[in-house]
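A.B. asks: One file: run-v6.pdb (PDB, C-alpha atoms, pLDDT in the B column).
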```pdb
ATOM      1  CA  THR A   1      44.902 -21.577  25.850  1.00 61.00           C
ATOM      2  CA  ARG A   2      45.275 -22.607  29.471  1.00 75.00           C
ATOM      3  CA  VAL A   3      48.603 -21.647  31.038  1.00 81.00           C
ATOM      4  CA  ILE A   4      50.117 -24.040  33.555  1.00 85.00           C
ATOM      5  CA  PRO A   5      50.318 -22.092  36.823  1.00 88.00           C
ATOM      6  CA  LYS A   6      53.526 -21.188  38.568  1.00 88.00           C
ATOM      7  CA  GLY A   7      54.982 -24.031  40.600  1.00 90.00           C
ATOM      8  CA  ALA A   8      53.087 -26.834  38.867  1.00 92.00           C
ATOM      9  CA  LEU A   9      56.112 -28.225  37.017  1.00 93.00           C
ATOM     10  CA  THR A  10      58.725 -29.150  39.615  1.00 95.00           C
ATOM     11  CA  GLY A  11      61.279 -30.735  37.266  1.00 95.00           C
ATOM     12  CA  VAL A  12      61.563 -31.053  33.450  1.00 95.00           C
ATOM     13  CA  GLN A  13      64.047 -32.880  31.222  1.00 95.00           C
ATOM     14  CA  PHE A  14      64.026 -32.752  27.414  1.00 94.00           C
ATOM     15  CA  MET A  15      65.960 -35.575  25.774  1.00 95.00           C
ATOM     16  CA  LYS A  16      66.914 -36.038  22.116  1.00 95.00           C
ATOM     17  CA  THR A  17      68.188 -39.501  21.157  1.00 96.00           C
ATOM     18  CA  PRO A  18      68.937 -41.244  17.842  1.00 96.00           C
ATOM     19  CA  ASP A  19      65.450 -42.802  17.838  1.00 97.00           C
ATOM     20  CA  TYR A  20      63.082 -40.362  19.556  1.00 97.00           C
ATOM     21  CA  VAL A  21      62.630 -37.101  21.400  1.00 96.00           C
ATOM     22  CA  GLN A  22      60.934 -36.973  24.759  1.00 96.00           C
ATOM     23  CA  VAL A  23      60.079 -34.688  27.651  1.00 95.00           C
ATOM     24  CA  THR A  24      59.776 -36.067  31.172  1.00 97.00           C
ATOM     25  CA  GLY A  25      59.349 -34.528  34.571  1.00 96.00           C
ATOM     26  CA  LEU A  26      57.523 -34.042  37.827  1.00 96.00           C
ATOM     27  CA  ILE A  27      54.295 -32.101  38.343  1.00 94.00           C
ATOM     28  CA  ASN A  28      52.051 -30.944  41.167  1.00 94.00           C
ATOM     29  CA  GLN A  29      48.918 -32.217  39.480  1.00 92.00           C
ATOM     30  CA  ALA A  30      46.562 -30.678  42.051  1.00 91.00           C
ATOM     31  CA  LEU A  31      47.454 -27.321  40.432  1.00 92.00           C
ATOM     32  CA  ILE A  32      46.070 -28.508  37.077  1.00 89.00           C
ATOM     33  CA  ASN A  33      42.899 -30.043  38.515  1.00 88.00           C
ATOM     34  CA  ILE A  34      44.019 -33.673  38.548  1.00 90.00           C
ATOM     35  CA  ALA A  35      43.479 -35.436  41.856  1.00 91.00           C
ATOM     36  CA  ALA A  36      46.727 -35.892  43.768  1.00 87.00           C
ATOM     37  CA  ASN A  37      46.063 -39.636  44.114  1.00 89.00           C
ATOM     38  CA  ASP A  38      45.264 -40.185  40.413  1.00 92.00           C
ATOM     39  CA  ASP A  39      47.870 -42.598  39.023  1.00 88.00           C
ATOM     40  CA  GLY A  40      46.590 -42.124  35.485  1.00 87.00           C
ATOM     41  CA  GLY A  41      47.153 -44.199  32.355  1.00 85.00           C
ATOM     42  CA  GLU A  42      48.189 -43.653  28.736  1.00 90.00           C
ATOM     43  CA  LEU A  43      47.470 -41.578  25.642  1.00 92.00           C
ATOM     44  CA  ASP A  44      48.705 -42.965  22.310  1.00 93.00           C
ATOM     45  CA  PRO A  45      47.817 -42.970  18.586  1.00 93.00           C
ATOM     46  CA  HIS A  46      46.154 -46.398  18.742  1.00 91.00           C
ATOM     47  CA  GLY A  47      43.432 -46.907  21.354  1.00 83.00           C
ATOM     48  CA  ALA A  48      41.189 -49.945  21.505  1.00 80.00           C
ATOM     49  CA  ASP A  49      39.794 -49.278  18.013  1.00 86.00           C
ATOM     50  CA  GLN A  50      43.038 -47.979  16.415  1.00 86.00           C
ATOM     51  CA  ARG A  51      41.539 -44.487  15.990  1.00 87.00           C
ATOM     52  CA  GLY A  52      43.672 -42.902  18.694  1.00 87.00           C
ATOM     53  CA  ASN A  53      43.417 -42.122  22.375  1.00 86.00           C
ATOM     54  CA  PRO A  54      42.313 -39.331  22.405  1.00 86.00           C
ATOM     55  CA  LEU A  55      40.218 -39.970  19.312  1.00 87.00           C
ATOM     56  CA  GLY A  56      41.970 -38.471  16.296  1.00 84.00           C
ATOM     57  CA  GLY A  57      45.015 -37.350  18.288  1.00 85.00           C
ATOM     58  CA  LEU A  58      47.966 -36.407  16.059  1.00 89.00           C
ATOM     59  CA  LEU A  59      51.514 -35.346  16.912  1.00 92.00           C
ATOM     60  CA  PHE A  60      54.127 -33.593  14.774  1.00 92.00           C
ATOM     61  CA  SER A  61      57.773 -32.632  15.368  1.00 92.00           C
ATOM     62  CA  ASN A  62      60.451 -30.475  13.782  1.00 91.00           C
ATOM     63  CA  ALA A  63      63.183 -32.308  15.707  1.00 91.00           C
ATOM     64  CA  PHE A  64      63.639 -35.175  13.239  1.00 92.00           C
ATOM     65  CA  ALA A  65      66.181 -35.239  10.407  1.00 91.00           C
ATOM     66  CA  GLN A  66      63.386 -35.135   7.807  1.00 92.00           C
ATOM     67  CA  SER A  67      62.706 -31.521   8.815  1.00 92.00           C
ATOM     68  CA  GLY A  68      66.113 -30.575   7.418  1.00 91.00           C
ATOM     69  CA  GLY A  69      66.740 -28.118  10.212  1.00 88.00           C
ATOM     70  CA  ASN A  70      63.739 -26.035   9.152  1.00 91.00           C
ATOM     71  CA  PRO A  71      61.765 -25.183  12.322  1.00 89.00           C
ATOM     72  CA  THR A  72      58.572 -24.706  10.282  1.00 91.00           C
ATOM     73  CA  ASN A  73      58.808 -28.120   8.594  1.00 92.00           C
ATOM     74  CA  TYR A  74      56.867 -30.486  10.847  1.00 93.00           C
ATOM     75  CA  VAL A  75      56.936 -34.266  10.371  1.00 94.00           C
ATOM     76  CA  GLN A  76      54.202 -36.492  11.772  1.00 94.00           C
ATOM     77  CA  ALA A  77      55.317 -38.850  14.522  1.00 95.00           C
ATOM     78  CA  ILE A  78      53.282 -41.949  13.679  1.00 95.00           C
ATOM     79  CA  GLU A  79      54.256 -43.609  16.962  1.00 96.00           C
ATOM     80  CA  TRP A  80      54.163 -41.798  20.312  1.00 96.00           C
ATOM     81  CA  HIS A  81      52.966 -42.291  23.864  1.00 96.00           C
ATOM     82  CA  ASN A  82      52.126 -39.969  26.754  1.00 95.00           C
ATOM     83  CA  PHE A  83      51.566 -40.609  30.457  1.00 95.00           C
ATOM     84  CA  MET A  84      50.720 -38.214  33.276  1.00 90.00           C
ATOM     85  CA  GLY A  85      49.738 -39.070  36.836  1.00 92.00           C
ATOM     86  CA  GLY A  86      51.192 -40.024  40.163  1.00 93.00           C
ATOM     87  CA  GLY A  87      53.058 -36.711  40.204  1.00 95.00           C
ATOM     88  CA  ALA A  88      55.007 -37.363  36.984  1.00 95.00           C
ATOM     89  CA  PHE A  89      54.607 -37.008  33.228  1.00 95.00           C
ATOM     90  CA  CYS A  90      56.333 -38.230  30.063  1.00 96.00           C
ATOM     91  CA  LEU A  91      55.848 -37.810  26.330  1.00 96.00           C
ATOM     92  CA  LYS A  92      57.907 -39.624  23.716  1.00 97.00           C
ATOM     93  CA  ALA A  93      57.690 -39.051  19.946  1.00 96.00           C
ATOM     94  CA  CYS A  94      59.491 -41.706  17.905  1.00 97.00           C
ATOM     95  CA  ASP A  95      61.317 -40.855  14.681  1.00 97.00           C
ATOM     96  CA  PRO A  96      59.276 -42.364  11.812  1.00 96.00           C
ATOM     97  CA  SER A  97      62.416 -42.830   9.677  1.00 96.00           C
ATOM     98  CA  ARG A  98      64.027 -45.137  12.219  1.00 96.00           C
ATOM     99  CA  PRO A  99      63.442 -48.912  12.118  1.00 95.00           C
ATOM    100  CA  ASN A 100      62.042 -49.453  15.628  1.00 96.00           C
ATOM    101  CA  ALA A 101      59.660 -46.543  16.163  1.00 97.00           C
ATOM    102  CA  ALA A 102      56.770 -48.799  17.163  1.00 96.00           C
ATOM    103  CA  ARG A 103      58.901 -50.632  19.717  1.00 95.00           C
ATOM    104  CA  TYR A 104      60.340 -47.541  21.403  1.00 97.00           C
ATOM    105  CA  CYS A 105      56.839 -46.031  21.538  1.00 97.00           C
ATOM    106  CA  GLU A 106      54.981 -49.166  22.662  1.00 94.00           C
ATOM    107  CA  HIS A 107      51.320 -48.786  23.595  1.00 92.00           C
ATOM    108  CA  ILE A 108      50.691 -52.089  25.410  1.00 90.00           C
ATOM    109  CA  TYR A 109      52.190 -51.106  28.773  1.00 90.00           C
ATOM    110  CA  ASP A 110      49.516 -48.622  29.784  1.00 90.00           C
ATOM    111  CA  ARG A 111      49.378 -49.872  33.392  1.00 89.00           C
ATOM    112  CA  ILE A 112      53.031 -49.432  34.401  1.00 90.00           C
ATOM    113  CA  GLY A 113      53.640 -45.775  33.675  1.00 92.00           C
ATOM    114  CA  CYS A 114      56.566 -43.498  32.895  1.00 95.00           C
ATOM    115  CA  ASN A 115      59.191 -45.393  34.870  1.00 92.00           C
ATOM    116  CA  TYR A 116      59.013 -48.360  32.514  1.00 92.00           C
ATOM    117  CA  ASN A 117      57.876 -46.708  29.276  1.00 95.00           C
ATOM    118  CA  ALA A 118      60.159 -43.660  29.420  1.00 96.00           C
ATOM    119  CA  PRO A 119      62.883 -44.228  32.050  1.00 95.00           C
ATOM    120  CA  ALA A 120      64.639 -40.966  32.854  1.00 96.00           C
ATOM    121  CA  ALA A 121      66.070 -38.986  35.769  1.00 93.00           C
ATOM    122  CA  TYR A 122      62.774 -37.492  37.108  1.00 96.00           C
ATOM    123  CA  LYS A 123      64.702 -35.217  39.462  1.00 95.00           C
ATOM    124  CA  PRO A 124      62.950 -32.481  41.466  1.00 96.00           C
ATOM    125  CA  ASP A 125      64.165 -28.903  40.914  1.00 95.00           C
ATOM    126  CA  VAL A 126      66.143 -29.873  37.767  1.00 95.00           C
ATOM    127  CA  PHE A 127      65.232 -28.247  34.440  1.00 94.00           C
ATOM    128  CA  GLU A 128      67.464 -29.256  31.539  1.00 93.00           C
ATOM    129  CA  SER A 129      67.716 -30.070  27.841  1.00 93.00           C
ATOM    130  CA  CYS A 130      69.975 -33.002  26.894  1.00 95.00           C
ATOM    131  CA  LEU A 131      71.210 -35.358  24.242  1.00 95.00           C
ATOM    132  CA  GLY A 132      71.032 -39.010  25.217  1.00 95.00           C
ATOM    133  CA  ASP A 133      71.199 -42.680  24.360  1.00 96.00           C
ATOM    134  CA  SER A 134      68.069 -44.542  23.330  1.00 96.00           C
ATOM    135  CA  GLN A 135      66.466 -46.605  26.071  1.00 95.00           C
ATOM    136  CA  ASP A 136      65.836 -50.344  25.910  1.00 93.00           C
ATOM    137  CA  PHE A 137      62.507 -51.184  24.317  1.00 93.00           C
ATOM    138  CA  PRO A 138      59.683 -50.889  26.881  1.00 91.00           C
ATOM    139  CA  GLY A 139      59.197 -54.312  28.436  1.00 87.00           C
ATOM    140  CA  ALA A 140      62.721 -55.473  27.608  1.00 84.00           C
ATOM    141  CA  ASN A 141      64.215 -57.264  30.614  1.00 68.00           C
ATOM    142  CA  GLY A 142      67.882 -57.331  29.773  1.00 61.00           C
ATOM    143  CA  VAL A 143      68.756 -59.459  26.718  1.00 57.00           C
ATOM    144  CA  VAL A 144      67.077 -62.732  27.673  1.00 57.00           C
ATOM    145  CA  SER A 145      63.388 -62.015  28.180  1.00 62.00           C
ATOM    146  CA  THR A 146      60.552 -59.543  27.620  1.00 71.00           C
ATOM    147  CA  TYR A 147      57.976 -58.626  30.246  1.00 76.00           C
ATOM    148  CA  GLN A 148      54.303 -58.916  29.291  1.00 80.00           C
ATOM    149  CA  GLN A 149      51.787 -56.775  31.161  1.00 85.00           C
ATOM    150  CA  PRO A 150      48.987 -58.937  32.653  1.00 85.00           C
ATOM    151  CA  PRO A 151      45.342 -58.225  31.774  1.00 87.00           C
ATOM    152  CA  GLU A 152      43.321 -56.025  34.127  1.00 85.00           C
ATOM    153  CA  SER A 153      41.010 -58.971  34.832  1.00 88.00           C
ATOM    154  CA  LEU A 154      43.790 -60.432  37.001  1.00 88.00           C
ATOM    155  CA  GLY A 155      43.666 -57.442  39.338  1.00 90.00           C
ATOM    156  CA  PRO A 156      46.264 -54.816  40.322  1.00 88.00           C
ATOM    157  CA  ILE A 157      49.901 -55.183  39.299  1.00 86.00           C
ATOM    158  CA  VAL A 158      51.683 -55.662  42.616  1.00 85.00           C
ATOM    159  CA  ALA A 159      55.183 -56.490  41.327  1.00 84.00           C
ATOM    160  CA  ILE A 160      57.201 -56.073  38.128  1.00 83.00           C
ATOM    161  CA  PRO A 161      60.122 -58.523  37.790  1.00 77.00           C
ATOM    162  CA  TYR A 162      62.729 -56.084  36.498  1.00 77.00           C
ATOM    163  CA  GLN A 163      63.999 -52.514  36.750  1.00 80.00           C
ATOM    164  CA  PRO A 164      64.371 -50.552  33.505  1.00 82.00           C
ATOM    165  CA  ARG A 165      67.739 -49.141  32.476  1.00 82.00           C
ATOM    166  CA  THR A 166      67.860 -45.350  32.555  1.00 86.00           C
ATOM    167  CA  PRO A 167      69.713 -44.299  29.376  1.00 86.00           C
ATOM    168  CA  ALA A 168      72.766 -42.055  29.658  1.00 86.00           C
ATOM    169  CA  SER A 169      72.438 -38.344  28.949  1.00 87.00           C
ATOM    170  CA  SER A 170      75.047 -35.789  27.883  1.00 86.00           C
ATOM    171  CA  GLN A 171      75.545 -32.156  26.867  1.00 88.00           C
ATOM    172  CA  CYS A 172      72.747 -31.015  29.182  1.00 90.00           C
ATOM    173  CA  THR A 173      71.838 -27.337  29.132  1.00 88.00           C
ATOM    174  CA  PRO A 174      70.421 -26.258  32.505  1.00 87.00           C
ATOM    175  CA  GLY A 175      67.458 -23.972  33.007  1.00 83.00           C
ATOM    176  CA  VAL A 176      65.628 -22.559  36.024  1.00 81.00           C
ATOM    177  CA  SER A 177      61.997 -22.956  36.938  1.00 77.00           C
ATOM    178  CA  SER A 178      61.333 -19.201  37.080  1.00 76.00           C
ATOM    179  CA  GLU A 179      61.837 -19.018  33.313  1.00 74.00           C
ATOM    180  CA  LEU A 180      58.784 -21.222  32.872  1.00 72.00           C
ATOM    181  CA  TYR A 181      56.333 -18.863  34.492  1.00 72.00           C
ATOM    182  CA  ALA A 182      56.926 -15.390  33.096  1.00 71.00           C
ATOM    183  CA  SER A 183      53.252 -14.967  32.156  1.00 70.00           C
ATOM    184  CA  ALA A 184      51.711 -17.653  34.315  1.00 75.00           C
ATOM    185  CA  PRO A 185      48.792 -17.015  36.671  1.00 72.00           C
ATOM    186  CA  ALA A 186      48.948 -17.600  40.405  1.00 75.00           C
ATOM    187  CA  PRO A 187      48.203 -21.243  41.253  1.00 76.00           C
ATOM    188  CA  THR A 188      44.788 -22.267  42.518  1.00 75.00           C
ATOM    189  CA  ILE A 189      43.447 -25.656  43.517  1.00 73.00           C
ATOM    190  CA  SER A 190      39.906 -26.499  42.482  1.00 65.00           C
ATOM    191  CA  ALA A 191      37.508 -27.926  45.039  1.00 60.00           C
ATOM    192  CA  SER A 192      36.783 -30.756  42.621  1.00 54.00           C
ATOM    193  CA  THR A 193      39.644 -32.226  40.608  1.00 51.00           C
ATOM    194  CA  SER A 194      39.593 -34.319  37.460  1.00 42.00           C
ATOM    195  CA  THR A 195      39.926 -38.045  38.009  1.00 41.00           C
ATOM    196  CA  SER A 196      38.883 -39.214  34.545  1.00 40.00           C
ATOM    197  CA  THR A 197      41.185 -41.969  33.264  1.00 39.00           C
ATOM    198  CA  SER A 198      40.876 -44.718  30.699  1.00 38.00           C
ATOM    199  CA  SER A 199      43.313 -47.088  32.365  1.00 39.00           C
ATOM    200  CA  ARG A 200      44.881 -47.244  35.785  1.00 39.00           C
ATOM    201  CA  SER A 201      48.527 -47.621  36.699  1.00 42.00           C
ATOM    202  CA  THR A 202      50.112 -49.107  39.795  1.00 37.00           C
ATOM    203  CA  THR A 203      53.300 -47.019  39.653  1.00 37.00           C
ATOM    204  CA  THR A 204      53.912 -43.513  40.902  1.00 34.00           C
ATOM    205  CA  ARG A 205      55.236 -42.457  37.499  1.00 36.00           C
ATOM    206  CA  ALA A 206      52.141 -43.170  35.481  1.00 33.00           C
ATOM    207  CA  ALA A 207      49.921 -40.710  33.653  1.00 32.00           C
ATOM    208  CA  THR A 208      46.517 -39.224  33.121  1.00 30.00           C
ATOM    209  CA  THR A 209      44.286 -40.402  30.325  1.00 30.00           C
ATOM    210  CA  SER A 210      41.992 -37.403  30.352  1.00 30.00           C
ATOM    211  CA  THR A 211      40.906 -36.838  26.770  1.00 28.00           C
ATOM    212  CA  ARG A 212      40.243 -33.122  27.185  1.00 30.00           C
ATOM    213  CA  THR A 213      42.170 -31.183  24.559  1.00 28.00           C
ATOM    214  CA  VAL A 214      43.385 -27.622  24.676  1.00 28.00           C
ATOM    215  CA  SER A 215      44.576 -25.788  21.581  1.00 27.00           C
ATOM    216  CA  THR A 216      48.114 -24.486  21.663  1.00 27.00           C
ATOM    217  CA  SER A 217      48.883 -20.959  20.518  1.00 28.00           C
ATOM    218  CA  ALA A 218      49.597 -20.170  16.877  1.00 26.00           C
ATOM    219  CA  SER A 219      53.193 -19.353  17.723  1.00 26.00           C
ATOM    220  CA  ALA A 220      53.583 -22.823  19.197  1.00 26.00           C
ATOM    221  CA  GLY A 221      52.431 -24.491  15.997  1.00 28.00           C
ATOM    222  CA  GLY A 222      49.477 -26.278  17.575  1.00 31.00           C
ATOM    223  CA  GLY A 223      45.787 -26.308  16.777  1.00 34.00           C
ATOM    224  CA  SER A 224      43.415 -28.381  14.673  1.00 33.00           C
ATOM    225  CA  ASN A 225      43.886 -29.544  11.100  1.00 35.00           C
ATOM    226  CA  ALA A 226      41.350 -29.302   8.290  1.00 33.00           C
ATOM    227  CA  ALA A 227      39.678 -32.515   9.375  1.00 35.00           C
ATOM    228  CA  GLY A 228      39.116 -31.137  12.854  1.00 37.00           C
ATOM    229  CA  LYS A 229      41.598 -33.470  14.518  1.00 43.00           C
ATOM    230  CA  ARG A 230      43.727 -32.186  17.368  1.00 46.00           C
ATOM    231  CA  VAL A 231      47.269 -31.446  16.313  1.00 49.00           C
ATOM    232  CA  SER A 232      50.155 -31.139  18.775  1.00 49.00           C
ATOM    233  CA  THR A 233      53.814 -30.519  18.097  1.00 48.00           C
ATOM    234  CA  ILE A 234      57.122 -31.601  19.572  1.00 49.00           C
ATOM    235  CA  GLY A 235      60.512 -30.370  18.458  1.00 47.00           C
ATOM    236  CA  ASP A 236      63.800 -28.637  19.202  1.00 45.00           C
ATOM    237  CA  GLY A 237      61.990 -25.454  20.168  1.00 39.00           C
ATOM    238  CA  LEU A 238      58.952 -26.806  21.960  1.00 40.00           C
ATOM    239  CA  ILE A 239      57.269 -29.823  23.407  1.00 40.00           C
ATOM    240  CA  SER A 240      53.510 -30.313  23.322  1.00 40.00           C
ATOM    241  CA  VAL A 241      51.924 -33.223  25.100  1.00 38.00           C
ATOM    242  CA  ALA A 242      49.541 -35.040  22.793  1.00 38.00           C
ATOM    243  CA  GLY A 243      46.015 -33.997  23.532  1.00 38.00           C
ATOM    244  CA  GLY A 244      47.175 -30.465  24.263  1.00 36.00           C
ATOM    245  CA  LEU A 245      47.623 -30.896  28.009  1.00 35.00           C
ATOM    246  CA  ILE A 246      51.142 -29.507  28.310  1.00 37.00           C
ATOM    247  CA  ALA A 247      53.568 -27.618  26.118  1.00 39.00           C
ATOM    248  CA  VAL A 248      57.054 -26.688  27.307  1.00 38.00           C
ATOM    249  CA  SER A 249      59.766 -24.953  25.320  1.00 36.00           C
ATOM    250  CA  VAL A 250      63.136 -26.639  25.508  1.00 37.00           C
ATOM    251  CA  LEU A 251      64.666 -23.336  26.516  1.00 35.00           C
ATOM    252  CA  PHE A 252      62.073 -23.099  29.282  1.00 33.00           C
ATOM    253  CA  GLY A 253      60.773 -19.795  28.013  1.00 31.00           C
ATOM    254  CA  VAL A 254      57.137 -20.767  27.432  1.00 30.00           C
ATOM    255  CA  VAL A 255      54.627 -23.042  29.096  1.00 31.00           C
ATOM    256  CA  MET A 256      51.099 -23.461  27.747  1.00 29.00           C
TER     257      MET A 256
END
```
Could you write out this file's structure as structure tokens?
C.D. replies:
Amino acid sequence: TRVIPKGALTGVQFMKTPDYVQVTGLINQALINIAANDDGGELDPHGADQRGNPLGGLLFSNAFAQSGGNPTNYVQAIEWHNFMGGGAFCLKACDPSRPNAARYCEHIYDRIGCNYNAPAAYKPDVFESCLGDSQDFPGANGVVSTYQQPPESLGPIVAIPYQPRTPASSQCTPGVSSELYASAPAPTISASTSTSTSSRSTTTRAATTSTRTVSTSASAGGGSNAAGKRVSTIGDGLISVAGGLIAVSVLFGVVM
């Protein structure tokens, strides 16, 4: 287990909506050995060969209705996406019982980051857990058209013809950053930082595509399944970024 050092997370919002749960926020990525200028890309359960990115990545949650309020009853989120880079991160796990899980957790917009895939507040020095409305589908430009991401062969994305709607939030429970770091080590910055990505983003709220995985602690419900695939969890009590890069309790008591 690698503990995120004190001060790395500079803002975190957990959001539960009718269609998905997500955690978004801001991060000093130099403190977790990601280059400060790395705009990142996307992790999702598909990948170019439909075997997942990272390969075999799985994600489970106890936040969906199918869990019946039992915190030990985890349900697999078939559709999810995760970005980290450009100083921000986002993870969304879509409820498999809802009709539009694949559309809320799109995987074709890997170059335009958190702002468009998981629009949220992204406020510095704010740590909160909220209920909220579901966003528009990623790529939806109002009610008349849908944006299509151009292929990388056409070069960098220099303009996107719409701004996503940030969904409303309510019943937010505030937290403080000091609660995140009760057992965290002092921050250090490595002389060489990770810049490994599988796709690049042109926005400042994009994400890393490093496929390194870190097991979460037994108490967090993470680890590997019998087939050796990486298993991460997301629920009312904790959030774990797919691939094992970040886990944050909703009550801001634990960070792994």
A.B. asks: Do you have the CA of Arg165 in chain A-CA of Leu9 in chain A distance handy?
C.D. replies: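 Answer for the CA of Arg165 in chain A to CA of Leu9 in chain A separation: 24.4 Å.
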A.B. asks: Out of A:Ile112, A:Met84, A:Ala118, A:Val158, which residue has the shortest atom-to-atom distance to Gly40 in chain A when counting all atoms listed in the file?
C.D. replies: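 Once distances to Gly40 in chain A are computed over all atoms listed in the file, the minimum belongs to A:Met84.
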A.B. asks: Find the spatial neighbours of Glu79 in chain A, counting all atoms listed in the file, within a cut-off of 9 Å - ignore same-chain residues fewer than 6 positions away - and output them as an MDAnalysis selection string.
C.D. replies: chainID A and resid 44:46 59 92:96 101:107
A.B. asks: Could you tell me, as a PyMOL selection string, exactly which residues end up selected when the PyMOL selection byres ((chain A and resi 157) around 12) is applied to this structure?
C.D. replies: chain A and resi 109-113+148-156+158-161+200-203
A.B. asks: Kindly extract all protein, DNA and RNA residues lying within 8 Å of the coordinates (65.1, -40.3, 20.9) given in the file, considering all atoms listed in the file, and supply them as a ChimeraX atom specification.
C.D. replies: /A:15-22,92-95,132-134
A.B. asks: Kindly give the distance, in Å, that separates CA of Tyr116 in chain A and CA of Gln171 in chain A, rounded to a single decimal.
C.D. replies: 23.8 Å
A.B. asks: Tell me which residues the PyMOL selection byres ((chain A and resi 172) around 10) grabs here, as a list in words.
C.D. replies: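 With the shown file as input, the PyMOL selection byres ((chain A and resi 172) around 10) matches Gln13, Phe14, Met15, Phe127, Glu128, Ser129, Cys130, Leu131, Gly132, Ser169, Ser170, Gln171, Thr173, Pro174 and Gly175 of chain A.
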A.B. asks: For CA of Ala30 in chain A and CA of Gly86 in chain A, determine how far apart the two atoms are, in Å to one decimal place.
C.D. replies: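 Pair CA of Ala30 in chain A / CA of Gly86 in chain A returns 10.6 Å.
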